[in-house]
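Source file: model_16.cif; contents: mmCIF, C-alpha atoms.
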data_target
loop_
_atom_site.label_atom_id
_atom_site.label_comp_id
_atom_site.auth_asym_id
_atom_site.auth_seq_id
_atom_site.Cartn_x
_atom_site.Cartn_y
_atom_site.Cartn_z
CA MET R 232 9.72 5.65 0.86
CA LYS R 233 12.56 5.22 3.28
CA GLU R 234 14.06 1.78 3.79
CA ALA R 235 13.71 0.30 7.27
CA ILE R 236 16.48 -1.55 9.06
CA GLY R 237 16.69 -5.17 7.91
CA PRO R 238 16.71 -6.67 4.44
CA THR R 239 16.47 -4.21 1.58
CA ALA R 240 13.34 -4.10 -0.54
CA GLU R 241 15.29 -5.68 -3.38
CA GLU R 242 16.38 -8.57 -1.13
CA LEU R 243 12.76 -9.03 -0.09
CA LEU R 244 11.71 -8.97 -3.75
CA ALA R 245 14.15 -11.79 -4.48
CA ARG R 246 12.42 -13.83 -1.75
CA VAL R 247 8.98 -12.90 -3.10
CA SER R 248 10.06 -14.18 -6.51
CA LYS R 249 10.60 -17.56 -4.80
CA ARG R 250 7.05 -17.42 -3.45
CA ASP R 251 7.90 -16.29 0.08
CA SER R 252 4.67 -14.64 1.22
CA ASN R 253 6.25 -13.51 4.51
CA ALA R 254 8.65 -11.37 2.48
CA LEU R 255 5.67 -9.86 0.67
CA GLY R 256 4.12 -9.15 4.07
CA THR R 257 7.28 -7.33 5.15
CA LEU R 258 7.21 -5.23 1.96
CA PHE R 259 3.54 -4.51 2.65
CA ASP R 260 4.29 -3.35 6.22
CA ARG R 261 7.12 -1.17 4.99
CA PHE R 262 5.46 0.55 2.05
CA ALA R 263 1.68 0.31 2.44
CA PRO R 264 1.13 3.43 4.62
CA ARG R 265 2.83 5.76 2.11
CA LEU R 266 1.19 4.04 -0.86
CA PHE R 267 -2.21 4.05 0.79
CA GLY R 268 -1.85 7.80 1.31
CA VAL R 269 -1.20 8.21 -2.42
CA LEU R 270 -4.19 6.06 -3.33
CA VAL R 271 -6.56 7.88 -0.97
CA ARG R 272 -5.34 11.22 -2.31
CA ILE R 273 -6.12 10.11 -5.86
CA LEU R 274 -9.33 8.18 -5.30
CA SER R 275 -10.80 10.08 -2.28
CA ASP R 276 -12.38 6.77 -1.25
CA ARG R 277 -10.76 4.52 1.33
CA ARG R 278 -12.48 1.34 0.18
CA ALA R 279 -11.44 1.88 -3.45
CA ALA R 280 -7.92 2.70 -2.25
CA GLU R 281 -7.78 -0.55 -0.27
CA GLU R 282 -8.81 -2.55 -3.34
CA VAL R 283 -6.14 -0.90 -5.46
CA LEU R 284 -3.54 -1.51 -2.73
CA GLU R 285 -4.42 -5.21 -2.78
CA ASN R 286 -4.23 -5.30 -6.57
CA LEU R 287 -0.85 -3.58 -6.45
CA PHE R 288 0.68 -6.17 -4.11
CA SER R 289 -0.93 -9.01 -6.10
CA GLN R 290 0.75 -7.55 -9.18
CA LEU R 291 4.08 -7.38 -7.32
CA TRP R 292 3.63 -11.05 -6.35
CA ASN R 293 2.91 -12.02 -9.94
CA GLU R 294 5.68 -9.93 -11.51
CA ALA R 295 8.39 -10.46 -8.88
CA ARG R 296 10.34 -12.92 -10.99
CA ARG R 297 10.58 -10.46 -13.90
CA LEU R 298 11.21 -7.41 -11.70
CA ARG R 299 14.13 -8.95 -9.83
CA GLN R 300 16.01 -9.35 -13.12
CA GLU R 301 16.13 -5.57 -13.46
CA PRO R 302 18.13 -3.00 -11.50
CA ALA R 303 15.08 -0.89 -10.65
CA SER R 304 14.09 0.26 -7.17
CA VAL R 305 11.14 -1.67 -5.72
CA ALA R 306 9.95 1.49 -3.96
CA ALA R 307 9.90 3.37 -7.27
CA TRP R 308 8.06 0.54 -9.04
CA LEU R 309 5.46 0.46 -6.26
CA ALA R 310 4.90 4.23 -6.26
CA VAL R 311 4.65 4.63 -10.04
CA THR R 312 2.47 1.53 -10.45
CA ALA R 313 0.18 2.51 -7.54
CA ARG R 314 -0.39 5.91 -9.13
CA ALA R 315 -1.03 4.35 -12.54
CA LEU R 316 -3.57 1.84 -11.18
CA ALA R 317 -5.42 4.49 -9.17
CA VAL R 318 -5.48 7.03 -12.00
CA ASP R 319 -6.80 4.45 -14.44
CA ARG R 320 -9.58 3.58 -12.01
CA LEU R 321 -10.43 7.25 -11.42
CA ARG R 322 -10.48 7.97 -15.14
CA SER R 323 -12.69 4.97 -15.79
CA GLU R 324 -15.16 6.27 -13.17
CA ARG R 325 -15.13 9.63 -14.96
CA GLY R 326 -15.72 8.00 -18.36
CA LEU R 327 -12.25 8.99 -19.58
CA PRO R 328 -9.95 6.62 -21.52
CA ARG R 329 -7.31 4.80 -19.53
CA LEU R 330 -3.86 6.36 -19.65
CA HIS R 331 -1.62 3.46 -18.95
CA ARG R 332 -2.58 1.04 -21.66
CA GLY R 333 -1.30 1.91 -25.08
CA LYS R 334 -0.03 5.43 -24.49
CA VAL R 335 2.90 4.46 -22.33
CA ILE R 336 3.08 0.84 -23.41
CA ALA R 337 6.85 0.90 -23.88
CA LEU R 338 7.16 1.41 -20.12
CA GLU R 339 5.21 -1.71 -19.29
CA LYS R 340 7.52 -4.10 -21.09
CA SER R 341 10.42 -3.42 -18.76
CA SER R 342 11.27 -1.54 -15.57
CA SER R 343 14.80 -0.63 -16.63
CA TRP R 344 13.72 3.02 -16.92
CA LEU R 345 13.01 3.25 -13.20
CA PRO R 346 15.60 4.77 -10.84
CA SER R 347 18.04 2.50 -9.01
CA PRO R 348 17.66 1.72 -5.28
CA GLY R 349 20.67 3.99 -4.63
CA ASP R 350 19.05 6.95 -6.40
CA ILE R 351 15.83 6.48 -4.46
CA ALA R 352 17.70 6.20 -1.13
CA LEU R 353 19.47 9.50 -1.89
CA LEU R 354 16.20 11.15 -2.83
CA GLU R 355 14.55 9.91 0.38
CA ASP R 356 17.42 11.25 2.45
CA ARG R 357 16.80 14.67 0.98
CA HIS R 358 13.02 14.52 0.83
CA GLU R 359 12.44 17.25 3.40
CA LEU R 360 14.78 19.57 1.55
CA LEU R 361 13.04 18.78 -1.72
CA LYS R 362 9.63 19.56 -0.25
CA LYS R 363 10.81 23.17 0.11
CA VAL R 364 11.27 23.26 -3.65
CA ILE R 365 7.57 22.64 -4.19
CA SER R 366 6.69 25.60 -2.01
CA GLN R 367 8.80 27.80 -4.28
CA LEU R 368 6.46 27.18 -7.19
CA PRO R 369 3.68 29.74 -7.75
CA GLY R 370 0.25 28.58 -6.50
CA PRO R 371 -1.33 28.16 -9.96
CA GLN R 372 1.61 26.02 -11.13
CA ARG R 373 1.27 23.82 -8.04
CA GLY R 374 -2.44 23.54 -8.84
CA THR R 375 -1.84 22.27 -12.36
CA LEU R 376 0.76 19.79 -11.09
CA GLU R 377 -1.88 18.52 -8.67
CA LEU R 378 -4.31 18.01 -11.57
CA LEU R 379 -1.59 16.20 -13.48
CA VAL R 380 -0.28 13.88 -10.76
CA PHE R 381 -3.23 13.24 -8.47
CA GLU R 382 -6.25 13.88 -10.70
CA GLY R 383 -4.68 12.03 -13.62
CA TYR R 384 -5.62 14.57 -16.28
CA THR R 385 -3.67 14.95 -19.52
CA GLU R 386 -2.33 18.34 -20.62
CA SER R 387 -5.24 18.87 -22.99
CA GLU R 388 -7.80 17.85 -20.34
CA ILE R 389 -6.25 20.32 -17.88
CA ALA R 390 -6.55 23.09 -20.47
CA GLU R 391 -10.21 22.21 -21.01
CA LYS R 392 -10.90 22.00 -17.27
CA LEU R 393 -9.28 25.38 -16.57
CA GLY R 394 -10.70 27.00 -19.70
CA GLU R 395 -7.20 28.06 -20.75
CA PRO R 396 -5.42 27.73 -24.10
CA LEU R 397 -3.55 24.43 -24.40
CA ALA R 398 -0.31 26.24 -25.28
CA ARG R 399 -0.42 28.21 -22.03
CA VAL R 400 -1.08 25.10 -19.95
CA LYS R 401 1.74 23.23 -21.67
CA THR R 402 4.15 26.11 -21.10
CA GLY R 403 3.23 26.39 -17.42
CA LEU R 404 3.37 22.66 -16.71
CA ARG R 405 6.63 22.13 -18.55
CA ALA R 406 8.21 25.14 -16.85
CA GLY R 407 7.10 23.81 -13.44
CA LEU R 408 8.44 20.33 -14.14
CA GLY R 409 11.66 21.81 -15.55
CA PHE R 410 12.12 23.85 -12.38
CA LEU R 411 11.61 20.73 -10.22
CA ARG R 412 13.96 18.69 -12.41
CA HIS R 413 16.76 21.21 -12.11
CA ARG R 414 16.32 21.71 -8.37
CA LEU R 415 16.22 17.96 -7.88
CA HIS R 416 19.50 17.63 -9.75
CA ALA R 417 21.00 20.33 -7.56
CA VAL R 418 19.78 18.77 -4.33
CA MET R 419 20.80 15.27 -5.34
CA GLY R 420 24.18 16.47 -6.58
CA THR R 421 25.31 18.64 -3.69
CA TRP R 422 24.18 19.82 -0.29
CA ALA R 423 25.51 23.25 -1.16
CA ALA R 424 22.61 23.83 -3.54
CA ASN R 425 21.05 27.18 -2.79
CA ILE R 426 17.41 26.37 -2.27
CA MET Q 159 17.17 13.14 -35.13
CA GLY Q 160 18.61 13.49 -31.60
CA CYS Q 161 16.63 13.55 -28.41
CA GLN Q 162 17.05 17.15 -27.22
CA HIS Q 163 13.63 18.17 -28.49
CA LEU Q 164 12.14 15.58 -26.11
CA ASP Q 165 13.87 16.95 -22.99
CA GLU Q 166 10.82 18.50 -21.39
CA LEU Q 167 8.49 15.60 -22.16
CA TYR Q 168 9.76 12.62 -20.17
CA GLU Q 169 7.95 13.30 -16.88
CA LEU Q 170 4.72 13.92 -18.79
CA TYR Q 171 5.25 10.70 -20.72
CA ILE Q 172 5.60 8.65 -17.53
CA LEU Q 173 2.46 10.30 -16.18
CA GLY Q 174 0.59 9.50 -19.42
CA ALA Q 175 -0.28 13.18 -19.93
CA LEU Q 176 1.08 13.86 -23.42
CA GLN Q 177 -0.92 14.13 -26.60
CA ASP Q 178 -0.58 11.16 -28.92
CA GLU Q 179 1.96 12.58 -31.35
CA GLU Q 180 4.42 13.60 -28.61
CA SER Q 181 3.91 10.33 -26.80
CA LEU Q 182 4.64 8.46 -30.01
CA GLN Q 183 7.96 10.26 -30.50
CA ILE Q 184 9.26 9.04 -27.14
CA ARG Q 185 7.84 5.57 -27.64
CA GLU Q 186 9.66 5.25 -30.97
CA HIS Q 187 12.98 6.18 -29.33
CA LEU Q 188 12.41 3.70 -26.50
CA GLU Q 189 11.48 0.92 -28.88
CA ARG Q 190 14.84 1.54 -30.60
CA ASN Q 191 16.50 1.22 -27.15
CA CYS Q 192 17.75 4.82 -27.34
CA PRO Q 193 20.24 5.09 -24.43
CA THR Q 194 19.81 8.87 -24.07
CA CYS Q 195 16.04 8.53 -23.73
CA LEU Q 196 16.44 5.72 -21.22
CA ASP Q 197 18.78 7.84 -19.09
CA ARG Q 198 16.49 10.85 -19.27
CA LEU Q 199 13.49 8.72 -18.44
CA ARG Q 200 15.29 7.38 -15.37
CA GLU Q 201 15.95 10.94 -14.20
CA ALA Q 202 12.37 11.96 -14.94
CA ALA Q 203 11.10 8.98 -12.93
CA GLN Q 204 12.86 10.42 -9.87
CA THR Q 205 10.90 13.67 -10.24
CA VAL Q 206 7.68 11.70 -10.73
CA TYR Q 207 8.43 9.53 -7.69
CA PHE Q 208 9.06 12.62 -5.59
CA LEU Q 209 5.79 14.22 -6.76
CA ILE Q 210 3.72 11.08 -6.11
CA LEU Q 211 5.07 10.74 -2.59
CA LEU Q 212 4.08 14.27 -1.64
CA ALA Q 213 0.79 12.65 -0.59
CA ARG Q 214 0.56 12.18 3.17
CA PRO Q 215 0.73 8.59 4.48
CA ALA Q 216 -2.62 7.18 5.63
CA ARG Q 217 -3.66 4.44 8.06
CA PHE Q 218 -5.43 1.45 6.64
CA ASP Q 219 -7.13 -1.71 7.83
CA MET Q 220 -4.40 -4.30 8.49
CA LYS Q 221 -6.96 -7.09 8.06
CA ARG Q 222 -6.54 -6.41 4.35
CA LYS Q 223 -2.94 -7.56 4.53
CA GLY Q 224 -3.90 -10.87 6.13
CA ARG Q 225 -6.59 -11.48 3.54
CA LEU Q 226 -4.27 -10.67 0.66
CA LEU Q 227 -1.49 -12.97 1.88
CA GLN Q 228 -4.01 -15.75 2.46
CA GLN Q 229 -5.30 -15.36 -1.11
CA LEU Q 230 -1.79 -15.42 -2.57
CA ARG Q 231 -0.76 -18.48 -0.53
CA GLY Q 232 -3.81 -20.27 -1.93
CA LYS Q 233 -2.74 -19.65 -5.54
#
The structure in this file should be written as structure tokens.
Amino acid sequence: MKEAIGPTAEELLARVSKRDSNALGTLFDRFAPRLFGVLVRILSDRRAAEEVLENLFSQLWNEARRLRQEPASVAAWLAVTARALAVDRLRSERGLPRLHRGKVIALEKSSSWLPSPGDIALLEDRHELLKKVISQLPGPQRGTLELLVFEGYTESEIAEKLGEPLARVKTGLRAGLGFLRHRLHAVMGTWAANI
Amino acid sequence: MGCQHLDELYELYILGALQDEESLQIREHLERNCPTCLDRLREAAQTVYFLILLARPARFDMKRKGRLLQQLRGK
């Protein structure tokens, strides 16, 4: 999510941590359209997506003091947390266990594992180039990534849903993510990357 | 044991998609503040961020923003 002209998201977060609701409003204006798109894509229900968006910004308000102590990008925290909240809601509606309590608990204690604002700015600058990388993946691999990211299924649930052996699904998903990881490194590292 | 065997798991860990035993391996490294795992997780989070934001932006009801800010100011 590209930064607008004006204070950075991290400067706004510092103000939010001091209970400046106008700063939260500015963050909302800047990031809500992209995040709302993510939430609608996951939940396929605008009202549910609006509720999750509100919860997300309430959570940012409540956790601002802790988050500003860490070098993580606010945009990255918002995107990853939005997806986690929406997926947990979707899974609960489907009668599936929540993913983001327990399984990835080590991630919830701190945000130091999130990319820095500089890394995210670089990634945003090259977003259009990176989108081409996705189109280089075979259709079925893109389909399983969709199930993973936007449907919130685990590897074993994807195997069950597709009626395929778990080992094959794991191999395909991990190869797809490995391909993306390496292309992302190339694109972030040099413009000369041959994609 | 080093961390190389975990190399292809970090994105899946962030997305909560691993089976318990693989998830536990990463969690144990993170709880020991393993610097390699933390670095790899930071790289993986970039891939995850990129994937999440492939969704198209959508318009929403701005009244929601006003209501939210009003609620938070009241707290």
Interface list for chain Q, partner chain R, 7 Å threshold, only C-alpha atoms, as a PyMOL selection string: chain Q and resi 166+171-172+174-176+181+185+188-189+196+199-200+203-205+207+210-211+213-217+226-227+231
Computed interatomic separation between CA of Phe218 in chain Q and CA of Ala317 in chain R (Å): 16.1 Å
Point-to-point distance from CA of Gln372 in chain R to CA of Gly407 in chain R, Å rounded to tenths: 6.4 Å
Residues matched by the PyMOL selection byres ((chain R and resi 240) around 9), written as JSON, numbers by chain: {"R": [234, 235, 238, 239, 241, 242, 243, 244, 245, 257, 258, 261, 304, 305, 306, 348]}
CA of Cys195 in chain Q to CA of Asp165 in chain Q, straight-line distance in Å: 8.7 Å
Could you put an axis-aligned box around every listed atom of range 268-277 of chain R, padded by 8 Å on each side, and send me its centre and edge lengths in Å to one decimal, as JSON?
{"center_x": -6.8, "center_y": 7.9, "center_z": -2.3, "size_x": 27.2, "size_y": 22.7, "size_z": 23.2}
Nearest-residue call for Thr312 in chain R, choices Q:Pro193, Q:Cys161, Q:Leu182, Q:Val206, using all atoms listed in the file: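 For Thr312 in chain R, the nearest of the candidates is Q:Val206.
With all atoms listed in the file as the atoms that count, the minimum distance from Leu327 in chain R to the choices R:Ala398, R:Ala279, R:Glu382, R:Ile236 is reached by R:Glu382.
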Minimum-distance residue to Glu186 in chain Q, chosen among Q:Met220, Q:Glu201, Q:Leu164, Q:Gly232 (using only C-alpha atoms):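 Answer, going by the shortest atom-to-atom distance: Q:Leu164.
Restricting the calculation to only C-alpha atoms, the smallest distance between Asp197 in chain Q and any of Q:Arg222, Q:Tyr168, Q:Asp178, Q:Gln228 is found for Q:Tyr168.
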When you get a chance, write out N, CA, C and O atoms for range 310-327 of chain R, as a short mmCIF file (atom, residue, chain, number, x, y, z; two decimals), keeping the file's coordinate frame.
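Okay, part.cif is ready:
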data_model
loop_
_atom_site.label_atom_id
_atom_site.label_comp_id
_atom_site.auth_asym_id
_atom_site.auth_seq_id
_atom_site.Cartn_x
_atom_site.Cartn_y
_atom_site.Cartn_z
N ALA R 310 5.52 2.89 -6.24
CA ALA R 310 4.90 4.23 -6.26
C ALA R 310 4.32 4.54 -7.64
O ALA R 310 3.17 4.99 -7.75
N VAL R 311 5.10 4.29 -8.67
CA VAL R 311 4.65 4.63 -10.04
C VAL R 311 3.47 3.72 -10.45
O VAL R 311 2.50 4.19 -11.05
N THR R 312 3.55 2.45 -10.08
CA THR R 312 2.47 1.53 -10.45
C THR R 312 1.20 1.83 -9.64
O THR R 312 0.09 1.76 -10.20
N ALA R 313 1.35 2.16 -8.37
CA ALA R 313 0.18 2.51 -7.54
C ALA R 313 -0.55 3.70 -8.16
O ALA R 313 -1.78 3.69 -8.31
N ARG R 314 0.22 4.70 -8.52
CA ARG R 314 -0.39 5.91 -9.13
C ARG R 314 -1.08 5.54 -10.43
O ARG R 314 -2.20 5.98 -10.70
N ALA R 315 -0.44 4.71 -11.25
CA ALA R 315 -1.03 4.35 -12.54
C ALA R 315 -2.34 3.57 -12.35
O ALA R 315 -3.34 3.85 -13.04
N LEU R 316 -2.35 2.63 -11.41
CA LEU R 316 -3.57 1.84 -11.18
C LEU R 316 -4.71 2.74 -10.69
O LEU R 316 -5.86 2.62 -11.13
N ALA R 317 -4.38 3.63 -9.75
CA ALA R 317 -5.42 4.49 -9.17
C ALA R 317 -5.95 5.48 -10.20
O ALA R 317 -7.17 5.72 -10.28
N VAL R 318 -5.06 6.04 -10.99
CA VAL R 318 -5.48 7.03 -12.00
C VAL R 318 -6.36 6.35 -13.05
O VAL R 318 -7.38 6.91 -13.48
N ASP R 319 -5.98 5.15 -13.45
CA ASP R 319 -6.80 4.45 -14.44
C ASP R 319 -8.20 4.17 -13.89
O ASP R 319 -9.20 4.28 -14.59
N ARG R 320 -8.28 3.83 -12.62
CA ARG R 320 -9.58 3.58 -12.01
C ARG R 320 -10.39 4.88 -11.93
O ARG R 320 -11.58 4.89 -12.26
N LEU R 321 -9.74 5.95 -11.52
CA LEU R 321 -10.43 7.25 -11.42
C LEU R 321 -10.94 7.69 -12.79
O LEU R 321 -12.08 8.16 -12.93
N ARG R 322 -10.10 7.54 -13.79
CA ARG R 322 -10.48 7.97 -15.14
C ARG R 322 -11.63 7.11 -15.68
O ARG R 322 -12.53 7.62 -16.34
N SER R 323 -11.60 5.84 -15.36
CA SER R 323 -12.69 4.97 -15.79
C SER R 323 -14.01 5.41 -15.14
O SER R 323 -15.05 5.48 -15.80
N GLU R 324 -13.95 5.78 -13.86
CA GLU R 324 -15.16 6.27 -13.17
C GLU R 324 -15.67 7.57 -13.80
O GLU R 324 -16.86 7.84 -13.79
N ARG R 325 -14.75 8.34 -14.34
CA ARG R 325 -15.13 9.63 -14.96
C ARG R 325 -15.47 9.48 -16.44
O ARG R 325 -15.71 10.47 -17.12
N GLY R 326 -15.41 8.24 -16.94
CA GLY R 326 -15.72 8.00 -18.36
C GLY R 326 -14.62 8.46 -19.29
O GLY R 326 -14.87 8.69 -20.48
N LEU R 327 -13.40 8.59 -18.75
CA LEU R 327 -12.25 8.99 -19.58
C LEU R 327 -11.45 7.75 -19.97
O LEU R 327 -11.42 6.77 -19.22
#
